[in-house]
file target05.txt (compact mmCIF, C-alpha atoms and all ligand atoms)
# COMPACT_ATOMS: atom_id res chain seq x y z
CA MET O 1 55.42 24.49 67.72
CA SER O 2 57.44 27.63 67.18
CA GLY O 3 57.54 29.73 64.02
CA ASN O 4 61.10 28.50 63.66
CA TYR O 5 59.79 24.94 63.38
CA ASP O 6 57.31 26.09 60.70
CA ARG O 7 60.06 27.59 58.60
CA LYS O 8 61.97 24.30 58.69
CA ASP O 9 58.87 22.24 57.92
CA LYS O 10 59.60 19.90 54.97
CA LEU O 11 56.42 20.66 53.06
CA TYR O 12 56.89 24.39 53.60
CA GLN O 13 60.32 24.07 51.94
CA ARG O 14 58.94 21.86 49.18
CA ALA O 15 56.15 24.36 48.48
CA LYS O 16 58.76 27.11 48.13
CA GLU O 17 60.88 24.98 45.78
CA GLU O 18 57.90 23.99 43.61
CA GLY O 19 56.48 27.53 43.46
CA TYR O 20 53.34 26.91 45.52
CA ARG O 21 51.97 29.84 47.48
CA SER O 22 51.38 27.65 50.53
CA ARG O 23 52.17 24.18 51.90
CA ALA O 24 48.38 23.67 51.94
CA ALA O 25 48.68 22.89 48.20
CA PHE O 26 49.94 19.41 49.14
CA LYS O 27 46.75 18.74 51.10
CA LEU O 28 44.59 19.29 48.05
CA ILE O 29 46.97 17.21 45.92
CA GLU O 30 46.59 14.38 48.46
CA LEU O 31 42.80 14.79 48.64
CA ASP O 32 42.58 14.73 44.85
CA LYS O 33 44.67 11.55 44.65
CA LYS O 34 42.31 9.84 47.10
CA TYR O 35 38.95 11.15 45.90
CA LYS O 36 39.52 12.19 42.23
CA LEU O 37 37.94 15.60 42.74
CA LEU O 38 39.56 17.68 40.01
CA ARG O 39 39.10 17.32 36.28
CA SER O 40 39.14 19.41 33.17
CA GLY O 41 36.14 21.64 32.52
CA ILE O 42 34.62 21.71 36.03
CA LYS O 43 33.60 24.78 38.01
CA VAL O 44 35.23 25.10 41.42
CA VAL O 45 34.71 27.50 44.32
CA ASP O 46 37.39 27.79 47.01
CA LEU O 47 36.27 29.36 50.32
CA GLY O 48 39.19 30.76 52.32
CA CYS O 49 41.57 30.71 49.34
CA TRP O 50 44.39 33.01 50.50
CA PRO O 51 47.29 32.88 49.72
CA GLY O 52 46.18 30.62 46.86
CA GLY O 53 47.95 27.24 47.07
CA TRP O 54 44.71 25.29 46.49
CA LEU O 55 43.77 27.60 43.63
CA GLN O 56 47.13 26.92 41.98
CA VAL O 57 46.48 23.17 42.14
CA VAL O 58 42.96 23.66 40.77
CA ALA O 59 44.19 26.02 38.03
CA GLY O 60 46.59 23.34 36.80
CA ARG O 61 43.73 20.87 36.30
CA LEU O 62 40.88 22.96 34.87
CA GLY O 63 41.76 23.20 31.20
CA THR O 64 40.40 26.16 29.27
CA GLN O 65 36.69 25.39 29.79
CA GLY O 66 36.74 25.14 33.59
CA VAL O 67 36.31 28.00 36.05
CA ALA O 68 37.72 28.57 39.54
CA VAL O 69 36.73 31.29 41.98
CA GLY O 70 38.37 31.84 45.33
CA ILE O 71 37.22 34.09 48.13
CA ASP O 72 39.07 35.25 51.22
CA LEU O 73 38.99 38.02 53.81
CA VAL O 74 42.59 38.69 52.80
CA GLU O 75 43.38 39.98 49.32
CA THR O 76 44.79 37.17 47.14
CA ILE O 77 47.35 38.01 44.46
CA PRO O 78 45.45 37.61 41.15
CA PHE O 79 46.12 34.68 38.83
CA SER O 80 47.33 35.05 35.24
CA GLU O 81 44.92 32.32 34.02
CA PRO O 82 41.82 34.08 32.62
CA ASN O 83 39.47 31.46 34.12
CA VAL O 84 40.75 31.77 37.72
CA HIS O 85 39.14 34.57 39.71
CA VAL O 86 39.52 35.91 43.23
CA VAL O 87 37.06 37.85 45.36
CA THR O 88 38.18 39.72 48.46
CA GLY O 89 35.60 39.71 51.23
CA ASP O 90 33.78 37.77 53.90
CA ALA O 91 32.09 34.58 52.70
CA ARG O 92 29.37 35.19 55.33
CA GLU O 93 28.07 38.15 53.33
CA ASP O 94 25.48 37.56 50.61
CA VAL O 95 26.94 40.30 48.43
CA ASN O 96 30.25 38.42 48.23
CA ILE O 97 28.60 35.05 47.60
CA GLU O 98 26.66 36.68 44.75
CA LYS O 99 29.98 37.88 43.27
CA VAL O 100 31.25 34.30 43.45
CA ARG O 101 28.05 32.95 41.89
CA SER O 102 28.33 35.41 38.98
CA TYR O 103 31.25 33.33 37.62
CA ALA O 104 29.11 30.16 37.42
CA PRO O 105 25.42 31.13 37.51
CA GLU O 106 24.38 27.56 36.68
CA GLY O 107 26.20 26.29 39.81
CA PHE O 108 29.55 24.81 40.82
CA ASP O 109 30.66 21.16 40.56
CA LEU O 110 32.99 21.33 43.56
CA LEU O 111 33.12 23.49 46.68
CA LEU O 112 36.37 23.52 48.63
CA SER O 113 36.70 25.07 52.06
CA ASP O 114 40.00 25.34 53.88
CA MET O 115 38.63 28.22 55.96
CA SER O 116 39.84 28.60 59.51
CA PRO O 117 39.46 31.44 61.98
CA LYS O 118 42.33 33.35 63.56
CA LEU O 119 43.16 31.10 66.50
CA SER O 120 43.14 32.69 69.96
CA GLY O 121 44.63 29.79 71.92
CA ILE O 122 41.42 29.59 73.98
CA LYS O 123 40.20 26.07 73.30
CA GLU O 124 36.43 26.65 73.51
CA ALA O 125 36.56 29.84 71.41
CA ASP O 126 38.73 28.20 68.76
CA GLN O 127 36.52 25.11 68.57
CA ALA O 128 33.44 27.34 68.14
CA GLY O 129 35.22 29.39 65.45
CA THR O 130 36.27 26.34 63.45
CA VAL O 131 32.78 24.83 63.58
CA ALA O 132 31.35 28.20 62.46
CA CYS O 133 33.66 28.01 59.41
CA ALA O 134 32.41 24.49 58.63
CA GLU O 135 28.79 25.61 58.98
CA LEU O 136 29.51 28.51 56.64
CA ALA O 137 31.05 26.08 54.13
CA LEU O 138 27.94 23.87 54.28
CA TRP O 139 25.72 26.90 53.72
CA GLY O 140 28.00 27.86 50.80
CA ALA O 141 27.54 24.37 49.34
CA GLN O 142 23.76 24.58 49.69
CA THR O 143 23.84 27.99 47.98
CA LEU O 144 26.36 27.37 45.20
CA LEU O 145 26.67 23.65 44.37
CA LYS O 146 24.94 21.88 41.51
CA LYS O 147 22.98 18.74 42.34
CA GLY O 148 25.49 15.88 42.29
CA GLY O 149 28.35 18.21 43.22
CA SER O 150 31.17 17.55 45.69
CA PHE O 151 32.22 19.22 48.93
CA VAL O 152 35.53 19.36 50.80
CA CYS O 153 35.66 21.00 54.21
CA LYS O 154 38.36 21.38 56.84
CA VAL O 155 37.27 20.50 60.38
CA PHE O 156 38.94 19.80 63.72
CA LYS O 157 38.36 16.85 66.04
CA GLY O 158 35.83 17.57 68.79
CA ASN O 159 32.26 16.98 69.92
CA GLU O 160 30.88 19.94 68.00
CA THR O 161 32.41 18.59 64.80
CA GLU O 162 30.60 15.29 65.40
CA LEU O 163 27.33 17.22 65.65
CA PHE O 164 28.25 19.11 62.47
CA TYR O 165 28.97 15.81 60.69
CA ARG O 166 25.52 14.50 61.61
CA ALA O 167 23.85 17.71 60.43
CA ALA O 168 25.74 17.73 57.11
CA ARG O 169 25.46 13.98 56.37
CA PRO O 170 21.93 13.99 54.83
CA ALA O 171 22.88 16.62 52.24
CA PHE O 172 25.21 14.17 50.40
CA GLU O 173 25.06 10.63 49.06
CA LYS O 174 28.32 10.01 50.91
CA LEU O 175 30.23 12.04 53.54
CA GLN O 176 33.67 10.67 54.35
CA ARG O 177 36.37 11.69 56.82
CA SER O 178 39.98 11.95 55.75
CA GLU O 179 43.15 12.57 57.74
CA LEU O 180 46.02 13.68 55.56
CA ASP O 181 49.76 12.95 55.58
CA ALA O 182 50.29 16.60 54.60
CA THR O 183 48.69 17.81 57.85
CA ARG O 184 51.19 18.66 60.57
CA LYS O 185 51.43 15.81 63.09
CA THR O 186 50.62 18.26 65.91
CA SER O 187 47.30 19.32 64.35
CA ASN O 188 43.95 17.66 64.96
CA GLU O 189 42.55 18.84 61.64
CA PHE O 190 40.91 16.50 59.17
CA TYR O 191 38.69 16.91 56.11
CA LEU O 192 35.13 15.95 55.28
CA ILE O 193 34.51 14.92 51.68
CA GLY O 194 30.92 14.96 50.52
CA THR O 195 29.95 13.52 47.17
CA GLY O 196 26.60 13.45 45.39
CA TYR O 197 25.11 16.67 46.77
CA LYS O 198 21.37 16.05 46.87
CA GLY O 199 20.30 19.63 46.12
CA GLN O 200 17.92 21.92 48.00
CA SER O 201 15.21 19.93 49.76
C1 LIG O 301 44.47 27.98 56.03
S1 LIG O 301 44.05 29.44 55.13
C2 LIG O 301 43.70 28.82 53.52
C3 LIG O 301 44.90 28.36 52.73
C4 LIG O 301 44.56 28.06 51.29
N1 LIG O 301 43.73 26.86 51.15
C5 LIG O 301 45.77 27.86 50.43
O1 LIG O 301 45.88 26.82 49.79
O2 LIG O 301 46.62 28.74 50.34
C6 LIG O 301 42.47 29.82 55.78
C7 LIG O 301 41.85 31.09 55.24
O3 LIG O 301 40.46 31.16 55.59
C8 LIG O 301 40.11 32.53 55.52
N2 LIG O 301 38.79 32.78 56.12
C9 LIG O 301 38.37 32.51 57.38
N3 LIG O 301 37.10 32.93 57.56
C10 LIG O 301 36.69 33.46 56.37
C11 LIG O 301 35.47 34.07 55.92
N4 LIG O 301 34.43 34.22 56.75
N5 LIG O 301 35.40 34.51 54.63
C12 LIG O 301 36.47 34.37 53.81
N6 LIG O 301 37.65 33.81 54.17
C13 LIG O 301 37.76 33.36 55.44
C14 LIG O 301 41.25 33.21 56.27
O4 LIG O 301 41.34 34.57 55.95
C15 LIG O 301 42.47 32.39 55.79
O5 LIG O 301 43.18 33.06 54.77

call {"tool": "encode", "arguments": {"input": "target05.txt", "output": "structure tokens"}}
result
Amino acid sequence: MSGNYDRKDKLYQRAKEEGYRSRAAFKLIELDKKYKLLRSGIKVVDLGCWPGGWLQVVAGRLGTQGVAVGIDLVETIPFSEPNVHVVTGDAREDVNIEKVRSYAPEGFDLLLSDMSPKLSGIKEADQAGTVACAELALWGAQTLLKKGGSFVCKVFKGNETELFYRAARPAFEKLQRSELDATRKTSNEFYLIGTGYKGQS
């Protein structure tokens, strides 16, 4: 679809009207309705947070005791809430993951990943890039989540994603697939929702 279509997209308009930084905010709202992921007082890490739509949704649900930390390659405009933090950098680098961890040294309750690579239009390269993002998210979960924590990860339909699903499945009590109404009809994206993280084996 053309950029022109994107600008006319209903959720894009709604995001603008409601003050969300991205239409992606509605995906997290939908995921939260289905899976009850967000609640007051929890600690949340958001991989691939820019421009910050998901962080806005999280910020609205944390209360004063919760903590949210987002990380992205692109600099995210800071939040006014004192318990919402952003790190600029590559989530593949230990130094950046340590910065994230410093905001919740005892571990996070929920890891969100909406990461996606810059798409090239070359099918094989894009599929490999999106699976690499999912693998990075799983590594992030194994590094940052508390036992019992939850995991949300964007993936795209394809054989490699099936292999990723099988590799990730044992790490959680439950790993569900969810296609969202807020996803553009032309996209083959869906989300994996892991609950009951079993901890490092
Ligand atoms: C679809 S956007 C996220 C939108 C966001 N959830 C929101 O609500 O506004 C995907 C983001 O993943 C980020 N990303 C991809 N690979 C990354 C990496 N290795 N480390 C950090 N961020 C990454 C990209 O820079 C991009 O901003």

call {"tool": "closest_atom_pairs", "arguments": {"input": "target05.txt", "of": "chain O", "to": "ligand LIG 301 (chain O)", "cutoff": "8 Å", "atoms": "all atoms listed in the file", "output": "JSON lines"}}
result
{"residue": "O:Arg21", "atom": "CA", "partner": "O:LIG301", "partner_atom": "O2", "distance": 6.2}
{"residue": "O:Ser22", "atom": "CA", "partner": "O:LIG301", "partner_atom": "O2", "distance": 4.9}
{"residue": "O:Arg23", "atom": "CA", "partner": "O:LIG301", "partner_atom": "O1", "distance": 7.1}
{"residue": "O:Ala24", "atom": "CA", "partner": "O:LIG301", "partner_atom": "O1", "distance": 4.6}
{"residue": "O:Ala25", "atom": "CA", "partner": "O:LIG301", "partner_atom": "O1", "distance": 5.1}
{"residue": "O:Leu28", "atom": "CA", "partner": "O:LIG301", "partner_atom": "O1", "distance": 7.8}
{"residue": "O:Asp46", "atom": "CA", "partner": "O:LIG301", "partner_atom": "N1", "distance": 7.6}
{"residue": "O:Leu47", "atom": "CA", "partner": "O:LIG301", "partner_atom": "N6", "distance": 6.0}
{"residue": "O:Gly48", "atom": "CA", "partner": "O:LIG301", "partner_atom": "O3", "distance": 3.5}
{"residue": "O:Cys49", "atom": "CA", "partner": "O:LIG301", "partner_atom": "C4", "distance": 4.4}
{"residue": "O:Trp50", "atom": "CA", "partner": "O:LIG301", "partner_atom": "O5", "distance": 4.4}
{"residue": "O:Pro51", "atom": "CA", "partner": "O:LIG301", "partner_atom": "O2", "distance": 4.2}
{"residue": "O:Gly52", "atom": "CA", "partner": "O:LIG301", "partner_atom": "O2", "distance": 4.0}
{"residue": "O:Gly53", "atom": "CA", "partner": "O:LIG301", "partner_atom": "O1", "distance": 3.4}
{"residue": "O:Trp54", "atom": "CA", "partner": "O:LIG301", "partner_atom": "O1", "distance": 3.8}
{"residue": "O:Leu55", "atom": "CA", "partner": "O:LIG301", "partner_atom": "O1", "distance": 6.6}
{"residue": "O:Gln56", "atom": "CA", "partner": "O:LIG301", "partner_atom": "O1", "distance": 7.9}
{"residue": "O:Ile71", "atom": "CA", "partner": "O:LIG301", "partner_atom": "C12", "distance": 5.7}
{"residue": "O:Asp72", "atom": "CA", "partner": "O:LIG301", "partner_atom": "N6", "distance": 3.6}
{"residue": "O:Leu73", "atom": "CA", "partner": "O:LIG301", "partner_atom": "N6", "distance": 4.4}
{"residue": "O:Val74", "atom": "CA", "partner": "O:LIG301", "partner_atom": "O4", "distance": 5.3}
{"residue": "O:Thr88", "atom": "CA", "partner": "O:LIG301", "partner_atom": "C12", "distance": 7.8}
{"residue": "O:Gly89", "atom": "CA", "partner": "O:LIG301", "partner_atom": "C12", "distance": 6.0}
{"residue": "O:Asp90", "atom": "CA", "partner": "O:LIG301", "partner_atom": "N5", "distance": 3.7}
{"residue": "O:Ala91", "atom": "CA", "partner": "O:LIG301", "partner_atom": "N5", "distance": 3.8}
{"residue": "O:Arg92", "atom": "CA", "partner": "O:LIG301", "partner_atom": "N4", "distance": 5.3}
{"residue": "O:Ser113", "atom": "CA", "partner": "O:LIG301", "partner_atom": "N1", "distance": 7.3}
{"residue": "O:Asp114", "atom": "CA", "partner": "O:LIG301", "partner_atom": "N1", "distance": 4.9}
{"residue": "O:Met115", "atom": "CA", "partner": "O:LIG301", "partner_atom": "O3", "distance": 3.5}
{"residue": "O:Ser116", "atom": "CA", "partner": "O:LIG301", "partner_atom": "C9", "distance": 4.7}
{"residue": "O:Pro117", "atom": "CA", "partner": "O:LIG301", "partner_atom": "C9", "distance": 4.8}
{"residue": "O:Lys118", "atom": "CA", "partner": "O:LIG301", "partner_atom": "C14", "distance": 7.4}
{"residue": "O:Cys133", "atom": "CA", "partner": "O:LIG301", "partner_atom": "N3", "distance": 6.3}
{"residue": "O:Leu136", "atom": "CA", "partner": "O:LIG301", "partner_atom": "N4", "distance": 7.5}

call {"tool": "atom_distance", "arguments": {"input": "target05.txt", "atom1": "CA of Gly66 in chain O", "atom2": "CA of Gly19 in chain O"}}
result
22.2 Å

call {"tool": "closest_residue", "arguments": {"input": "target05.txt", "among": "O:Thr143, O:Thr195, O:Ser150, O:Ser40", "to": "Glu106 in chain O", "atoms": "only C-alpha atoms"}}
result
O:Thr143

call {"tool": "residues_around", "arguments": {"input": "target05.txt", "residues": "Leu62 in chain O", "least_positions_apart": "6", "cutoff": "8 Å", "atoms": "all atoms listed in the file", "output": "PyMOL selection string"}}
result
chain O and resi 38-42+68

call {"tool": "atom_distance", "arguments": {"input": "target05.txt", "atom1": "CA of Pro105 in chain O", "atom2": "CA of Arg166 in chain O"}}
result
29.3 Å

call {"tool": "closest_residue", "arguments": {"input": "target05.txt", "among": "O:Lys27, O:Pro82, O:Thr161, O:Glu18", "to": "Arg184 in chain O", "atoms": "only C-alpha atoms"}}
result
O:Lys27

call {"tool": "closest_residue", "arguments": {"input": "target05.txt", "among": "O:Lys123, O:Lys10, O:Arg169, O:Lys154", "to": "Leu192 in chain O", "atoms": "all atoms listed in the file"}}
result
O:Lys154
